[in-house]
Every structure is written in C-alpha cells, then in structure tokens.
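Text of my_file-v3.cif (mmCIF, C-alpha atoms) as supplied:
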data_coords
#
loop_
_atom_site.label_atom_id
_atom_site.label_comp_id
_atom_site.auth_asym_id
_atom_site.auth_seq_id
_atom_site.Cartn_x
_atom_site.Cartn_y
_atom_site.Cartn_z
CA MET A 1 76.68 -26.61 -20.51
CA LYS A 2 74.75 -26.31 -17.27
CA TYR A 3 77.92 -27.13 -15.30
CA PHE A 4 79.85 -24.31 -16.91
CA THR A 5 77.15 -21.73 -16.11
CA ALA A 6 77.15 -22.68 -12.40
CA LEU A 7 80.82 -21.80 -11.93
CA PRO A 8 80.51 -18.04 -12.58
CA MET A 9 77.55 -17.91 -10.19
CA ALA A 10 79.58 -19.56 -7.41
CA ALA A 11 82.39 -17.09 -7.95
CA THR A 12 79.92 -14.22 -7.73
CA LEU A 13 78.56 -15.49 -4.41
CA ALA A 14 82.08 -15.85 -2.98
CA ALA A 15 82.95 -12.30 -4.00
CA ALA A 16 79.78 -11.05 -2.34
CA GLN A 17 80.69 -12.85 0.89
CA MET A 18 84.14 -11.29 0.86
CA SER A 19 82.61 -7.84 0.39
CA VAL A 20 80.34 -8.32 3.40
CA MET A 21 83.26 -9.49 5.53
CA SER A 22 85.25 -6.36 4.70
CA LEU A 23 82.50 -4.18 6.18
CA ALA A 24 82.87 -5.73 9.65
CA PRO A 25 84.29 -3.29 12.26
CA ALA A 26 88.00 -3.53 13.00
CA GLU A 27 89.08 -4.77 16.39
CA ALA A 28 89.87 -2.09 19.01
CA ALA A 29 93.50 -1.05 19.06
CA GLY A 30 93.58 -1.15 22.87
CA PRO A 31 94.55 1.49 25.44
CA MET A 32 96.83 4.29 24.29
CA THR A 33 99.81 5.85 26.04
CA HIS A 34 100.07 9.64 26.17
CA THR A 35 103.40 11.26 27.02
CA VAL A 36 103.43 14.65 28.74
CA VAL A 37 106.70 16.51 29.36
CA VAL A 38 106.74 18.51 32.60
CA GLY A 39 109.05 21.50 32.86
CA GLY A 40 112.39 21.57 31.08
CA LEU A 41 114.41 24.36 29.50
CA LYS A 42 114.02 26.52 26.41
CA PRO A 43 116.57 28.66 24.58
CA VAL A 44 116.42 32.44 25.04
CA GLU A 45 118.70 35.30 24.04
CA THR A 46 120.62 35.11 27.29
CA GLY A 47 120.97 31.31 27.33
CA MET A 48 118.39 28.88 28.67
CA ALA A 49 115.22 29.59 30.64
CA PRO A 50 112.95 27.19 32.58
CA VAL A 51 109.69 26.02 31.04
CA LEU A 52 106.88 26.40 33.55
CA GLY A 53 104.39 24.27 31.71
CA TYR A 54 103.25 20.88 30.48
CA THR A 55 103.81 19.80 26.87
CA PRO A 56 101.17 19.27 25.61
CA GLU A 57 99.10 21.16 28.16
CA SER A 58 95.85 19.35 27.24
CA ILE A 59 95.05 15.88 25.87
CA THR A 60 91.99 13.79 24.99
CA ALA A 61 92.11 10.29 26.46
CA ALA A 62 89.81 7.27 26.72
CA ILE A 63 89.13 5.13 29.77
CA GLY A 64 92.04 2.76 30.21
CA ASP A 65 94.59 5.04 28.52
CA MET A 66 97.84 5.67 30.36
CA VAL A 67 99.38 9.11 30.82
CA VAL A 68 103.15 9.15 31.36
CA PHE A 69 104.48 12.38 32.87
CA GLU A 70 108.17 12.88 32.07
CA PHE A 71 109.66 15.34 34.56
CA MET A 72 112.49 17.58 33.37
CA GLN A 73 114.30 20.53 35.00
CA LYS A 74 114.02 21.30 37.77
CA ASN A 75 111.45 20.12 40.34
CA HIS A 76 107.74 19.94 39.55
CA THR A 77 104.58 18.00 40.34
CA ALA A 78 101.45 16.78 38.59
CA THR A 79 98.78 17.40 41.22
CA GLN A 80 95.06 17.02 40.65
CA SER A 81 92.83 20.01 41.42
CA THR A 82 89.29 21.09 40.63
CA PHE A 83 88.36 23.51 37.88
CA ALA A 84 87.03 26.04 40.39
CA ASN A 85 90.20 26.01 42.49
CA PRO A 86 93.05 25.42 40.01
CA CYS A 87 96.02 25.84 42.35
CA ALA A 88 94.91 23.73 45.32
CA LYS A 89 95.06 19.95 45.64
CA MET A 90 91.69 18.27 45.31
CA GLU A 91 90.71 16.24 48.35
CA GLY A 92 91.52 12.63 47.54
CA GLY A 93 93.01 13.66 44.21
CA MET A 94 96.03 12.17 42.44
CA ASP A 95 99.49 13.61 43.11
CA SER A 96 102.89 12.68 41.74
CA GLY A 97 104.62 14.47 44.58
CA PHE A 98 107.75 16.49 43.88
CA MET A 99 109.88 14.92 41.14
CA PRO A 100 113.31 16.65 41.24
CA ASN A 101 115.42 16.35 38.09
CA PRO A 102 117.89 19.29 38.12
CA GLU A 103 120.01 17.88 35.29
CA GLY A 104 117.09 16.85 33.07
CA LYS A 105 118.03 13.19 32.90
CA ALA A 106 115.70 10.65 31.29
CA GLY A 107 113.66 8.26 33.39
CA VAL A 108 112.06 10.56 35.96
CA THR A 109 108.42 9.63 35.30
CA TRP A 110 105.04 9.19 36.96
CA ASN A 111 102.19 7.24 35.37
CA MET A 112 98.45 7.43 35.82
CA THR A 113 95.57 5.53 34.21
CA VAL A 114 92.48 7.40 32.99
CA GLU A 115 89.39 5.95 34.67
CA THR A 116 86.72 8.43 33.60
CA THR A 117 85.60 10.46 30.60
CA ASP A 118 85.06 13.50 32.84
CA ALA A 119 87.56 16.35 32.62
CA LEU A 120 90.58 16.02 34.91
CA TRP A 121 92.56 19.08 36.02
CA PHE A 122 96.19 19.22 37.18
CA TYR A 123 98.73 21.84 38.29
CA CYS A 124 102.27 22.16 39.63
CA LYS A 125 102.31 22.88 43.35
CA GLN A 126 105.94 24.08 43.43
CA LYS A 127 106.53 27.21 45.56
CA ALA A 128 103.07 27.16 47.12
CA GLY A 129 101.40 27.20 43.72
CA GLN A 130 103.47 30.01 42.19
CA HIS A 131 104.17 27.84 39.15
CA CYS A 132 100.43 27.29 38.83
CA GLY A 133 99.91 31.04 39.06
CA LYS A 134 102.21 31.44 36.08
CA GLY A 135 99.99 29.13 34.03
CA MET A 136 101.61 25.74 34.76
CA VAL A 137 98.43 23.69 34.50
CA PHE A 138 97.29 20.62 32.56
CA ALA A 139 93.97 19.05 31.59
CA ILE A 140 92.62 15.73 30.36
CA ASN A 141 89.37 15.75 28.34
CA ALA A 142 88.71 19.45 28.84
CA ALA A 143 85.93 20.95 26.74
CA THR A 144 87.11 22.42 23.44
CA THR A 145 84.21 24.88 23.19
CA GLY A 146 81.81 26.55 25.59
CA ASP A 147 82.51 26.56 29.33
CA LYS A 148 85.44 25.02 31.21
CA THR A 149 87.92 24.86 28.37
CA MET A 150 91.64 24.51 28.91
CA ALA A 151 92.02 28.22 28.14
CA ASP A 152 89.44 29.03 30.84
CA PHE A 153 91.26 26.85 33.37
CA LYS A 154 94.63 28.43 32.66
CA ALA A 155 93.24 31.97 32.84
CA LEU A 156 91.56 31.20 36.16
CA ALA A 157 94.80 29.78 37.59
CA ILE A 158 96.69 32.96 36.66
CA LYS A 159 93.94 35.21 37.99
CA THR A 160 93.51 33.48 41.35
CA ASN A 161 97.12 32.60 42.14
CA GLY A 162 99.18 34.73 39.79
CA THR A 163 101.45 37.65 40.47
CA ASP A 164 101.31 39.18 37.00
CA LEU A 165 100.31 42.86 37.08
CA VAL A 166 97.91 42.52 34.16
CA GLN A 167 96.46 39.04 34.67
CA GLY A 168 96.96 38.58 38.39
CA ALA A 169 95.32 39.70 41.58
CA LEU A 170 94.78 43.31 40.52
CA GLN A 171 91.95 42.17 38.25
CA SER A 172 89.80 41.49 41.30
CA VAL A 173 90.50 44.79 43.07
CA ASP A 174 87.76 47.42 43.12
CA PRO A 175 89.25 50.44 41.30
CA ASN A 176 87.10 52.74 43.47
CA ALA A 177 88.29 51.25 46.76
CA ALA A 178 89.59 53.77 49.29
CA ALA A 179 93.23 53.52 50.27
CA ALA A 180 93.68 52.10 53.76
CA PRO A 181 96.05 53.85 56.21
CA THR A 182 99.36 52.01 56.40
CA THR A 183 102.58 52.30 58.37
CA VAL A 184 106.05 51.54 57.02
CA THR A 185 109.39 51.39 58.84
CA VAL A 186 112.60 51.34 56.80
CA GLU A 187 116.12 51.10 58.20
CA ALA A 188 118.38 53.39 56.20
CA GLY A 189 121.86 52.55 55.01
CA ALA A 190 125.09 53.15 56.90
CA GLY A 191 124.91 56.35 58.91
CA GLY A 192 121.20 56.76 58.27
CA ALA A 193 118.27 56.82 60.63
CA VAL A 194 115.11 54.81 60.94
CA ALA A 195 112.18 56.51 59.24
CA THR A 196 108.63 55.69 60.24
CA GLY A 197 105.64 57.24 58.53
CA THR A 198 101.89 56.75 58.70
CA GLU A 199 99.65 58.07 55.92
CA THR A 200 96.44 59.55 57.23
CA SER A 201 95.28 62.18 54.80
CA ALA A 202 95.79 63.53 51.30
CA SER A 203 97.41 66.66 52.74
CA GLU A 204 100.48 64.63 53.68
CA LEU A 205 101.19 63.72 50.05
CA ALA A 206 103.11 66.97 49.64
CA THR A 207 105.67 65.82 52.23
CA ALA A 208 106.44 62.47 50.58
CA THR A 209 110.08 61.41 50.94
CA VAL A 210 112.31 58.64 49.62
CA VAL A 211 114.24 56.61 52.20
CA ALA A 212 117.07 54.29 51.12
CA GLY A 213 117.78 50.98 52.81
CA SER A 214 119.89 47.85 52.47
CA GLY A 215 119.78 44.26 53.60
CA GLN A 216 119.80 40.69 52.31
CA ASP A 217 117.42 38.81 50.03
CA GLY A 218 116.08 35.29 50.58
CA GLN A 219 119.30 33.76 49.22
CA GLY A 220 121.50 35.80 51.56
CA GLN A 221 122.69 38.17 48.83
CA ALA A 222 123.16 41.86 49.57
CA CYS A 223 120.44 44.10 48.17
CA SER A 224 119.26 47.68 48.43
CA CYS A 225 115.88 49.34 48.20
CA GLN A 226 114.17 52.70 48.21
CA CYS A 227 110.87 53.38 49.96
CA LEU A 228 108.53 56.17 48.88
CA CYS A 229 106.90 57.29 52.12
CA GLY A 230 103.85 59.47 52.46
CA MET A 231 102.08 58.23 49.33
CA ALA A 232 98.69 56.51 49.11
CA ALA A 233 98.59 52.80 49.92
CA PHE A 234 97.98 50.07 47.39
CA PRO A 235 94.44 48.65 47.33
CA GLU A 236 93.90 45.69 49.64
CA THR A 237 95.28 42.40 48.17
CA ALA A 238 97.08 44.27 45.38
CA ALA A 239 100.55 43.02 44.43
CA ILE A 240 100.50 40.17 46.93
CA ASN A 241 103.73 38.11 46.84
CA ASN A 242 105.59 40.80 44.87
CA PHE A 243 108.75 42.62 45.85
CA GLY A 244 108.62 46.39 45.80
CA GLY A 245 104.81 46.55 45.67
CA TYR A 246 104.53 45.99 41.93
CA PRO A 247 106.32 43.31 39.89
CA GLY A 248 109.67 44.30 38.42
CA MET A 249 110.05 47.54 40.35
CA ILE A 250 112.50 46.48 43.03
CA ALA A 251 115.72 48.48 42.88
#

As structure tokens, the full file:
Amino acid sequence: MKYFTALPMAATLAAAQMSVMSLAPAEAAGPMTHTVVVGGLKPVETGMAPVLGYTPESITAAIGDMVVFEFMQKNHTATQSTFANPCAKMEGGMDSGFMPNPEGKAGVTWNMTVETTDALWFYCKQKAGQHCGKGMVFAINAATTGDKTMADFKALAIKTNGTDLVQGALQSVDPNAAAAPTTVTVEAGAGGAVATGTETSASELATATVVAGSGQDGQGQACSCQCLCGMAAFPETAAINNFGGYPGMIA
C-alpha cells in the first residue's frame, strides 16, 4: 500500500513545479517597427487635396525600435528639431532630406532607429518651413499629459511659423501697438498711372483711395490686385508671408 500512496504525492509535486514554471517572465519580443506615412492625398468635395501631416503624428517607441517613414505625395522631409524651435533643424539632428514622390508610388522610405527614451521632435522643412507652420510635425515619446505634449508642440509650430490668421503670427502682436508709417507704390493697369502714398496721420484716412493693378504671380500667371491707400498700416510682423496683407483676401 505504501507504494500506491507515493504516486499521488509525486504527481502533486510535478504539478506544483509546472505551476512555478508558468510564472516565469516571457522572453522579450525584440525591437518593434513603427510605420509613419508622410504626406499623401485625401478626398475632398472638389477632388483630392494634399495631406500636410504625418500619420500617426505621434508614437511611443522603445530603444532599439525602428521607425519607417513612408513618403507619399508630393515632396516632404522628416527633419529633427527641438521642442522650443519646432520649424528649424536641430544642430546635429537627423534629417531624411527631401523625398520627392509626386505619383505616390510605394518604396520611397527613410528609416531611423530610436536610441533614447527622451522625446524626439520632427517637422517637414518644405517651403522654408511653411508645411511645419501648417502643423506638419511629428513626435516620438512626447508626454501625454502636463508640459511638452504633442498638442503643445503642434500649436507652437503653427504659432511661430504659421500664416493662419487665428493661430499664426497675429497672436504675438501687441493689440495696442501704434501703426507705423508706411509707403506703397502700385502700378495701375493699362492706361493708368503710378500712385504713391505715405500715411502720416489719421486726418489722411478721409482721402483713402483704391488703386487697381495687374501683373504676374510666382508661377507666371496673370493676376490683378487692388490696393487700399491711405489707411492705417498693419502692426509690425502681422500677416507675414501672406498675399494681400491678410490670408484669403487677394483679389
């Protein structure tokens, strides 16, 4: 009988050993690969419009992970910056360089390996940072709460390098700033004269005039414009890089 009682005990010990073994930590899965799509097109009512962004625009990655940037239409970069200066290349920072892909073909990629747990910040430097100023920025390991989140980085990029009337440079203009005297010369259309006006005082506002003009845009296409002369100047730095003074108001 003593031999029969020993068998259940041995089975119990074996089961206990198996239970302990199952509690051992699993082996690491190894480095991960993160895919980020840069640019591309999206459908709109009038057809297709460019995507000035990264998808996703923020990821969490471990040391050793690889990030594969897939560049789509039309020509973008993944350029490392600092949080404080979102739209300027960081000294010694990583840079894919321009990756043109006008037709959106597969295979236009740039890879980087994550070597730190610190936050890494990127932007597109196309058109002297204008894409960055429209919010085309990307982050690795950005904070999800508190300071220096991805949302903070994107808002700062738009504020410091943007041309949007609401979110752009006008946010930093003193609303009480005095208008500076300015001079404007506009060549009128066929048969017209050249009008030159300098605003010096509020009394001249009553003599404000509209002068029409014509010319060519940056692509060599014919265009026309109208200049309101004799009105107060825009505050300093307001509407920088915008046609017609304010966005969307060129005739």

Q. Do you know which residues the PyMOL selection byres ((chain A and resi 154) around 10) returns on this file, as a VMD selection string?
A. chain A and resid 57 83 86 123 132 to 139 148 to 153 155 to 159

Kindly list the centre and edge lengths in Å, rounded to one decimal, for the axis-aligned box that covers all listed atoms of range 96-100 of chain A plus 4 Å on each of its six sides, as AutoDock Vina command-line options.
--center_x 108.1 --center_y 14.7 --center_z 42.9 --size_x 18.4 --size_y 12.0 --size_z 11.4

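CA of Thr35 in chain A is positioned 4.8 Å from CA of Val68 in chain A.
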
Q: Kindly give the distance, in Å, that separates CA of Gly107 in chain A and CA of Met72 in chain A, rounded to a single decimal.
A: 9.4 Å

Q: Identify all residues satisfying the PyMOL selection byres ((chain A and resi 55) around 10) in the given file; provide them as number ranges by chain.
A: A: 35-40, 51-54, 56-59, 69-70, 138

Q) Expressed in Å to a single decimal, how great is the separation between CA of Asn111 in chain A and CA of Gly64 in chain A? A) 12.2 Å
